[in-house]
Amino acid sequence: MLLGPCRVCWGRTLEPFLDLGPRRAALCRGCGLVQLYPAPPEADALRPADASADPEGLAAAVARRLDLGPEDLVLAAASGDGAALVPFRRRGVRVLGVEASPAAAERARRRGVDTVEDRFDAGLARALTRVHGPARVVLAGRTLERAADPHDVVRAVRAALTHDGLGVFETADPAALLRGARAGALAAAPCRYPAALLRTLLRRHGLKVIAFEEARRGSLRTVAAGEGSAWAVEASAEAVPLAEAGLELERVRTWRDAARRAAGVVRLRAA
Ligand SMILES: [Zn+2]
């Protein structure tokens with residue numbers, strides 16, 4: 001029996017491959033998204049500490065492409081304690097965090113990162129743009145994995161960007177997961193996006209992927225720009241989905257095998 005709906009393609013096409021107690025990990029046959037079913041409540045999923053695993057690497061990835069000045073704004077979604085914005089603030093760039101957790105927002109303010117206490121969605125993005133102007137960079141962090149509606153996250157990023165701005169997303173890299181499959185890792189992220197699906201999802205809302213980069217801790221960093229912008233698409237935007245195609249991420253057997261290997265490791269440790 002197939003489950004659903006999938007949070008990206010809305011199909012009742014989810015095929016479970018791993019039992020995790022109250023939830024199951026399932027592959028969507030329609031779009032290839034691996035997800036927990038039923039989805040965890042969004043409040044649980046939006047843990048502030050997950051804003052970015054690698055703030056310095058993220059800042060460097062932006063600095064390689066954009067020369068930011070004091071007039072520019074860097075906006076961070078689900079910004080937690082503001083860690084991802086600190087390197088930008090140090091360089092004298094205007095920064096603004098958006099964080100739903102009052103405690104995390106307060107920690108961010110204490111370290112000098114101006115933070116709006118709210119949930120990042122398209123409505124808020126438009127409202128912030130009216131007050132602060134559009135952002136040259138939107139750091140979406142891990143919101144694509146954790147938001148109940150990933151489409152709205154992409155719309156929000158698009159709505160907040162200047163015409164030449166960059167949106168940066170982080171997601172768990174399914175290829176890295178398959179290399180070192182652990183049951184815990186399979187359950188750690190509510191969603192696993194193949195790179196090809198990220199490209200399709202972003203394109204649907206007017207963003208083109210210009211690069212995929214390996215970030216720390218098995219994360220994939222996606223750098224995107226407006227469809228009509230002058231940004232050139234880098235080689236990795238084609239190469240990473242192509243390399244992934246060889247992993248057969250769209251087959252439930254691939255994930256079942258990974259879950260079995262993970263279970264084997266757990267048994268060996270217990271023995
Ligand atoms: Zn789907």
# chains A, B, ... in the order shown; residues from 1 in each chain; ligands from 1
call {"tool": "select_by_dssp", "arguments": {"residues": "stretch 1-194 of chain A", "states": "helix (DSSP H, G or I)", "output": "ChimeraX atom specification"}}
result
/A:42-45,48-50,55-63,86-90,102-110,122-132,143-146,150-160,174-179,183-188
call {"tool": "write_last_selection", "arguments": {"atoms": "C-alpha atoms", "output": "tab-separated table (two decimals), in the first residue's frame"}}
result
chain	number	residue	atom	x	y	z
A	42	GLU	CA	6.66	21.55	12.07
A	43	ALA	CA	7.36	23.01	15.52
A	44	ASP	CA	9.50	19.94	16.31
A	45	ALA	CA	11.14	20.02	12.94
A	48	PRO	CA	16.97	26.45	15.77
A	49	ALA	CA	20.34	24.70	16.05
A	50	ASP	CA	20.00	23.40	12.50
A	55	PRO	CA	28.58	29.25	8.90
A	56	GLU	CA	32.13	30.07	7.73
A	57	GLY	CA	31.90	27.77	4.71
A	58	LEU	CA	28.56	29.28	3.86
A	59	ALA	CA	29.92	32.84	4.09
A	60	ALA	CA	32.90	31.86	1.93
A	61	ALA	CA	30.59	30.31	-0.69
A	62	VAL	CA	28.73	33.62	-0.92
A	63	ALA	CA	31.90	35.77	-0.88
A	86	VAL	CA	27.77	36.47	12.23
A	87	PRO	CA	30.47	36.17	9.50
A	88	PHE	CA	28.52	38.64	7.30
A	89	ARG	CA	27.99	41.08	10.12
A	90	ARG	CA	31.73	40.95	10.87
A	102	PRO	CA	11.74	33.43	21.09
A	103	ALA	CA	14.66	31.98	23.09
A	104	ALA	CA	16.86	31.53	20.01
A	105	ALA	CA	15.88	34.97	18.65
A	106	GLU	CA	16.92	36.50	21.98
A	107	ARG	CA	20.30	34.73	21.86
A	108	ALA	CA	20.80	36.09	18.33
A	109	ARG	CA	20.01	39.65	19.43
A	110	ARG	CA	22.42	39.34	22.33
A	122	ALA	CA	6.24	34.15	1.46
A	123	GLY	CA	3.93	36.65	3.20
A	124	LEU	CA	6.58	37.57	5.74
A	125	ALA	CA	9.27	37.77	3.03
A	126	ARG	CA	7.20	40.35	1.11
A	127	ALA	CA	6.51	42.33	4.29
A	128	LEU	CA	10.20	42.38	5.26
A	129	THR	CA	11.17	43.46	1.75
A	130	ARG	CA	8.84	46.45	2.04
A	131	VAL	CA	10.49	47.54	5.29
A	132	HIS	CA	14.16	46.61	4.75
A	143	THR	CA	14.06	25.12	5.92
A	144	LEU	CA	13.34	23.04	2.80
A	145	GLU	CA	13.64	19.86	4.84
A	146	ARG	CA	11.72	21.08	7.82
A	150	PRO	CA	8.60	23.47	0.85
A	151	HIS	CA	6.99	25.32	-2.07
A	152	ASP	CA	6.28	28.29	0.18
A	153	VAL	CA	9.91	28.33	1.35
A	154	VAL	CA	11.11	28.68	-2.25
A	155	ARG	CA	8.47	31.34	-3.00
A	156	ALA	CA	9.60	33.24	0.11
A	157	VAL	CA	13.27	33.15	-0.92
A	158	ARG	CA	12.37	34.32	-4.44
A	159	ALA	CA	10.16	37.11	-3.07
A	160	ALA	CA	12.90	38.45	-0.79
A	174	PRO	CA	21.43	11.59	-0.06
A	175	ALA	CA	24.65	10.41	-1.73
A	176	ALA	CA	26.60	10.98	1.50
A	177	LEU	CA	23.90	9.15	3.41
A	178	LEU	CA	24.13	6.08	1.19
A	179	ARG	CA	27.93	6.02	1.50
A	183	ALA	CA	19.66	4.00	10.91
A	184	GLY	CA	20.04	7.17	13.01
A	185	ALA	CA	21.12	9.15	9.97
A	186	LEU	CA	18.23	7.79	7.93
A	187	ALA	CA	15.86	9.17	10.56
A	188	ALA	CA	17.73	12.41	11.33
call {"tool": "residues_near_ligand", "arguments": {"ligand": "ligand 1", "cutoff": "9 Å", "atoms": "only C-alpha atoms and all ligand atoms", "output": "short mmCIF file (atom, residue, chain, number, x, y, z; two decimals) with N, CA and C atoms, in the first residue's frame"}}
result
data_model
loop_
_atom_site.label_atom_id
_atom_site.label_comp_id
_atom_site.auth_asym_id
_atom_site.auth_seq_id
_atom_site.Cartn_x
_atom_site.Cartn_y
_atom_site.Cartn_z
N GLY A 4 0.54 8.76 1.53
CA GLY A 4 0.66 10.12 1.01
C GLY A 4 -0.22 11.07 1.80
N PRO A 5 -0.27 12.34 1.41
CA PRO A 5 0.40 12.90 0.24
C PRO A 5 1.87 13.24 0.49
N CYS A 6 2.64 13.24 -0.58
CA CYS A 6 4.03 13.69 -0.54
C CYS A 6 4.03 15.20 -0.36
N ARG A 7 4.98 15.71 0.43
CA ARG A 7 4.94 17.15 0.70
C ARG A 7 5.46 17.99 -0.46
N VAL A 8 6.09 17.38 -1.45
CA VAL A 8 6.52 18.16 -2.62
C VAL A 8 5.57 17.99 -3.80
N CYS A 9 5.24 16.72 -4.17
CA CYS A 9 4.42 16.54 -5.38
C CYS A 9 2.96 16.22 -5.05
N TRP A 10 2.64 16.08 -3.77
CA TRP A 10 1.28 15.86 -3.27
C TRP A 10 0.69 14.50 -3.70
N GLY A 11 1.50 13.64 -4.28
CA GLY A 11 0.99 12.34 -4.73
C GLY A 11 0.85 11.37 -3.56
N ARG A 12 -0.12 10.46 -3.68
CA ARG A 12 -0.21 9.37 -2.69
C ARG A 12 0.64 8.23 -3.21
N THR A 13 1.93 8.49 -3.22
CA THR A 13 2.87 7.61 -3.91
C THR A 13 4.07 7.27 -3.03
N LEU A 14 3.86 7.35 -1.69
CA LEU A 14 4.97 7.09 -0.77
C LEU A 14 5.10 5.60 -0.48
N LEU A 27 9.96 6.51 0.43
CA LEU A 27 10.39 7.14 -0.82
C LEU A 27 9.16 7.50 -1.64
N CYS A 28 9.13 8.72 -2.18
CA CYS A 28 8.03 9.08 -3.07
C CYS A 28 8.34 8.61 -4.48
N ARG A 29 7.49 7.75 -5.01
CA ARG A 29 7.68 7.25 -6.37
C ARG A 29 7.43 8.33 -7.39
N GLY A 30 6.66 9.35 -6.98
CA GLY A 30 6.32 10.42 -7.92
C GLY A 30 7.47 11.37 -8.17
N CYS A 31 8.16 11.80 -7.09
CA CYS A 31 9.18 12.84 -7.27
C CYS A 31 10.55 12.47 -6.72
N GLY A 32 10.66 11.37 -5.97
CA GLY A 32 11.97 10.94 -5.48
C GLY A 32 12.35 11.48 -4.11
N LEU A 33 11.45 12.26 -3.48
CA LEU A 33 11.75 12.78 -2.15
C LEU A 33 11.64 11.65 -1.12
N VAL A 34 12.69 11.49 -0.29
CA VAL A 34 12.62 10.57 0.83
C VAL A 34 12.14 11.37 2.04
#
call {"tool": "residues_around", "arguments": {"residues": "A:Arg204", "least_positions_apart": "3", "cutoff": "10 Å", "atoms": "only C-alpha atoms", "output": "PyMOL selection string"}}
result
chain A and resi 151+154-155+198-201+207-208+227
call {"tool": "write_last_selection", "arguments": {"atoms": "C-alpha atoms", "output": "short mmCIF file (atom, residue, chain, number, x, y, z; two decimals), in the first residue's frame"}}
result
data_model
loop_
_atom_site.label_atom_id
_atom_site.label_comp_id
_atom_site.auth_asym_id
_atom_site.auth_seq_id
_atom_site.Cartn_x
_atom_site.Cartn_y
_atom_site.Cartn_z
CA HIS A 151 6.99 25.32 -2.07
CA VAL A 154 11.11 28.68 -2.25
CA ARG A 155 8.47 31.34 -3.00
CA LEU A 198 15.90 20.46 -5.84
CA ARG A 199 16.48 21.81 -9.33
CA THR A 200 12.89 21.06 -10.39
CA LEU A 201 11.37 22.50 -7.21
CA LEU A 207 14.88 30.15 -9.32
CA LYS A 208 17.71 28.48 -11.24
CA GLU A 227 15.61 32.59 -13.54
#
call {"tool": "closest_residue", "arguments": {"among": "A:Val168, A:Ala195, A:Ala259, A:Leu247", "to": "A:Val223", "atoms": "only C-alpha atoms"}}
result
A:Val168
call {"tool": "atom_distance", "arguments": {"atom1": "atom CA of A:Gly82", "atom2": "atom CA of A:Tyr193"}}
result
25.0 Å
call {"tool": "closest_residue", "arguments": {"among": "A:Asp121, A:Glu15, A:Glu170, A:Glu248", "to": "A:Arg217", "atoms": "only C-alpha atoms"}}
result
A:Glu170
call {"tool": "atom_distance", "arguments": {"atom1": "atom CA of A:Ala211", "atom2": "atom CA of A:Gly97"}}
result
23.9 Å
call {"tool": "closest_residue", "arguments": {"among": "A:Arg142, A:Arg91, A:Arg23, A:Arg136", "to": "A:Ala77", "atoms": "only C-alpha atoms"}}
result
A:Arg142
